[in-house]
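First comes the structure, then the notes that go with it.
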Amino acid sequence: MGHGGGGALSAELVQHVFAPAFGGPVLAQLGDAASVSLGGVRLAFSTDSYVVRPLFFPGGSIGDLAVNGTVNDLAMSGARAAYLSCGFILEEGVEMSVLARVSQALGAAARAAGVEVATGDTKVVEAGHGDGVYINTAGIGLIPDGVDLRPQRVVPGDVVIVSGEIGVHGVAIMSVREGLEFGVEIESDCAPLGTLVEAMLAVTPDLHVLRDPTRGGLAAALNEIAAAAGVGVAVQERAVPVPPAVANACAILGLDPLYVANEGKLVAFVPREHADAVLAAMRAHPLGAGAVVIGEAVPEHPGMVVARTGLGGTRVVDLPLGEQLPRIC
């Protein structure tokens with residue numbers, strides 16, 4: 001299970017099994033979406049599979065995730081999603097009413113994100129060989145001229161901005177899966193981020209890199225960027241926005257909010273001269289109202305992420321080994 005968690009084990013699987021077998025310069029980008037040229041235009045292309053349990057949770061469902069997750073992967077390349085494919089793997093015995101609810105949620109999420117489900121596929125597996133409903137979506141979108149979002153562009157001095165409170169999605173899933181109560185209902189932050197990214201790019205196309213911190217949370221996203229860019233990342237721990245309900249739940253469960261998945265947040269590395277304007281644009285957008293600066297890229301400790309604590313010390317924020325919370329996206 002750890003190999004699917006978005007941490008060090010996942011990275012080893014890609015680096016030692018998949019990448020050598022497939023090869024190719026496009027795959028070597030290893031971004032949230034691949035940037036490809038076709039017919040004289042630049043396209044972002046991405047695919048993802050969704051195996052969340054339970055299928056319905058506070059703030060969304062597997063149908064919402066299947067749309068927003070892929071739309072957001074495209075948005076991290078600066079692209080506005082245009083078309084999605086949708087593949088269903090269904091376990092024998094799933095009630096048609098459940099499948100209808102999932103499909104309706106997926107369709108509504110696609111319309112809200114301004115994307116069309118253009119093609120799809122369905123497979124059914126025997127009872128006991130699945131877990132109800134699995135969904136795969138792939139998406140394409142156009143990358144605007146002048147936009148070049150990739151971790152290799154990050155340089156020391158870049159400002160690190162997160163678009164809002166972290167850890168909400170993972171804790172929302174865990175609360176309903178395990179029947180836990182934390183005194184207040186925690187809803188997933190699942191949302192399409194395309195229009196937020198457009199607002200940021202309207203300020204300047206010279207953003208360096210964007211990531212949506214899903215599996216492995218903010219810690220995994222920062223580590224991946226630091227390693228690919230060859231820079232260090234220093235985060236002010238107290239600046240990272242963790243809502244009280246998430247902090248309390250993580251304390252009870254023994255989790256670190258930095259490693260908990262999100263589905264409607266992004267982290268941006270922005271040139272310092274543009275940071276204030278980009279931050280203002282984010283805060284003017286409903287999905288970026290809680291945006292804050294949490295740190296910067298630094299020349300020290302390349303490839304490593306450190307958090308400066310409130311007591312004046314530092315701690316290393318490693319790439320997680322596996323996944324703290326399984327089956328959350």
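Identifiers for the structure tokens are assigned positionally: chains receive A, B, ... in sequence, residues are indexed from 1 per chain, and ligands are indexed from 1 in the order shown.
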Extract, using only C-alpha atoms, all DNA, RNA and protein residues at most 7 Å from region 78-88 of chain A, discarding same-chain residues fewer than 4 positions from it, and format them as a ChimeraX atom specification.
-> /A:44,71,74,115-123,133-144,147,149,194,197
Which residues, written as a PyMOL selection string, have at least one atom at most 8 Å from Gly290 (chain A), with only C-alpha atoms counted and residues fewer than 3 positions away on the same chain left out?
-> chain A and resi 163-165+283+287
Record the distance separating CA of Glu237 (chain A) and CA of Gly312 (chain A), expressed in Å with one decimal.
-> 10.3 Å
Apply DSSP to the backbone of this structure and, from region 112-268 of chain A, keep only the residues in strand (DSSP E); write these as number ranges by chain.
-> A: 116-125, 133-142, 159-162, 209-211, 232-236, 267-268
May I have the selected residues written with C-alpha atoms, as a PDB file, in the first residue's frame?
ATOM      1  CA  GLU A 116     -16.556  18.175 -21.019  1.00  0.00           C
ATOM      2  CA  VAL A 117     -16.439  14.421 -20.492  1.00  0.00           C
ATOM      3  CA  ALA A 118     -15.806  13.463 -24.102  1.00  0.00           C
ATOM      4  CA  THR A 119     -15.172   9.713 -24.002  1.00  0.00           C
ATOM      5  CA  GLY A 120     -15.074   6.794 -21.595  1.00  0.00           C
ATOM      6  CA  ASP A 121     -15.028   3.090 -20.864  1.00  0.00           C
ATOM      7  CA  THR A 122     -16.632   0.627 -18.445  1.00  0.00           C
ATOM      8  CA  LYS A 123     -15.363  -2.652 -17.048  1.00  0.00           C
ATOM      9  CA  VAL A 124     -17.013  -4.942 -14.489  1.00  0.00           C
ATOM     10  CA  VAL A 125     -14.995  -7.266 -12.237  1.00  0.00           C
ATOM     11  CA  VAL A 133     -16.337   1.822  -7.873  1.00  0.00           C
ATOM     12  CA  TYR A 134     -12.925   2.848  -9.198  1.00  0.00           C
ATOM     13  CA  ILE A 135     -12.633   5.737 -11.679  1.00  0.00           C
ATOM     14  CA  ASN A 136      -9.848   6.807 -14.013  1.00  0.00           C
ATOM     15  CA  THR A 137      -9.928  10.199 -15.722  1.00  0.00           C
ATOM     16  CA  ALA A 138      -7.503  11.646 -18.244  1.00  0.00           C
ATOM     17  CA  GLY A 139      -7.608  15.242 -19.366  1.00  0.00           C
ATOM     18  CA  ILE A 140      -6.186  17.679 -21.895  1.00  0.00           C
ATOM     19  CA  GLY A 141      -5.991  21.454 -21.955  1.00  0.00           C
ATOM     20  CA  LEU A 142      -4.168  24.278 -23.728  1.00  0.00           C
ATOM     21  CA  VAL A 159       8.623  32.931  -2.282  1.00  0.00           C
ATOM     22  CA  VAL A 160       6.518  29.901  -1.327  1.00  0.00           C
ATOM     23  CA  ILE A 161       2.764  30.551  -1.134  1.00  0.00           C
ATOM     24  CA  VAL A 162       0.025  28.112  -0.157  1.00  0.00           C
ATOM     25  CA  VAL A 209       6.097  26.158 -10.442  1.00  0.00           C
ATOM     26  CA  LEU A 210       2.694  25.123  -9.072  1.00  0.00           C
ATOM     27  CA  ARG A 211       1.738  21.884  -7.336  1.00  0.00           C
ATOM     28  CA  GLY A 232      16.576  24.029  -0.324  1.00  0.00           C
ATOM     29  CA  VAL A 233      13.172  25.044   0.990  1.00  0.00           C
ATOM     30  CA  ALA A 234      12.735  26.757   4.352  1.00  0.00           C
ATOM     31  CA  VAL A 235       9.220  26.914   5.804  1.00  0.00           C
ATOM     32  CA  GLN A 236       8.026  28.906   8.796  1.00  0.00           C
ATOM     33  CA  VAL A 267       1.477  25.609  -3.476  1.00  0.00           C
ATOM     34  CA  ALA A 268       3.281  28.142  -5.652  1.00  0.00           C
TER      35      ALA A 268
END
Length of the CA of Gly167 (chain A) to CA of Ser188 (chain A) vector [Å] =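 Distance reported for this atom pair: 9.0 Å.
Of the listed residues (A:Val36, A:Val270, A:Leu279, A:Val316), A:Val36 comes nearest to Gly24 (chain A); the distances count only C-alpha atoms.
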Closest of A:Pro302, A:Gly63, A:Gly295, A:Pro213 to Gly264 (chain A), counting only C-alpha atoms, is A:Pro213
May I have all residues of region 121-293 of chain A that DSSP, computed from the backbone, assigns to helix (DSSP H, G or I), given as a ChimeraX atom specification?
-> /A:151-153,168-177,194-203,217-229,237-239,244-253,257-259,272-283,286-288
Leaving out Val246 (chain A) and any residue of its chain fewer than 6 positions from it, which residues lie within 8 Å of it when counting only C-alpha atoms, given as an MDAnalysis selection string?
-> chainID A and resid 167:168 171 186 257
Just write the chosen residues, C-alpha atoms, as a tab-separated table (two decimals), in the first residue's frame.
chain	number	residue	atom	x	y	z
A	167	GLY	CA	-5.04	18.81	5.68
A	168	VAL	CA	-8.80	19.20	5.36
A	171	VAL	CA	-9.09	14.36	7.85
A	186	ILE	CA	-14.84	18.61	8.69
A	257	PRO	CA	-0.85	17.95	9.00
Check the smallest atom-to-atom distance from each of A:Met1, A:Ala229, A:Ala172, A:Ala105 to Cys250 (chain A) using only C-alpha atoms, then report the winner.
-> A:Ala172
Would you kindly return, as a list in words, each protein, DNA or RNA residue with an atom no farther than 12 Å from any atom of Ala275 (chain A), considering only C-alpha atoms and excluding same-chain residues fewer than 5 positions away?
->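 In the requested form, the answer reads Gly157, Asp158, Val159, Val160, Ile161, Val162, Met200, Leu201, Val203, Thr204, Asp206, Leu207, His208, Ala268, Phe269, Val270, Ala280, Ala281, Met282, Ala291, Val292, Val293, Ile294, Gly295 and Glu296 of chain A.
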So how far away is CA of Leu106 (chain A) from CA of Val176 (chain A), in Å?
->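 It comes out at 20.5 Å.
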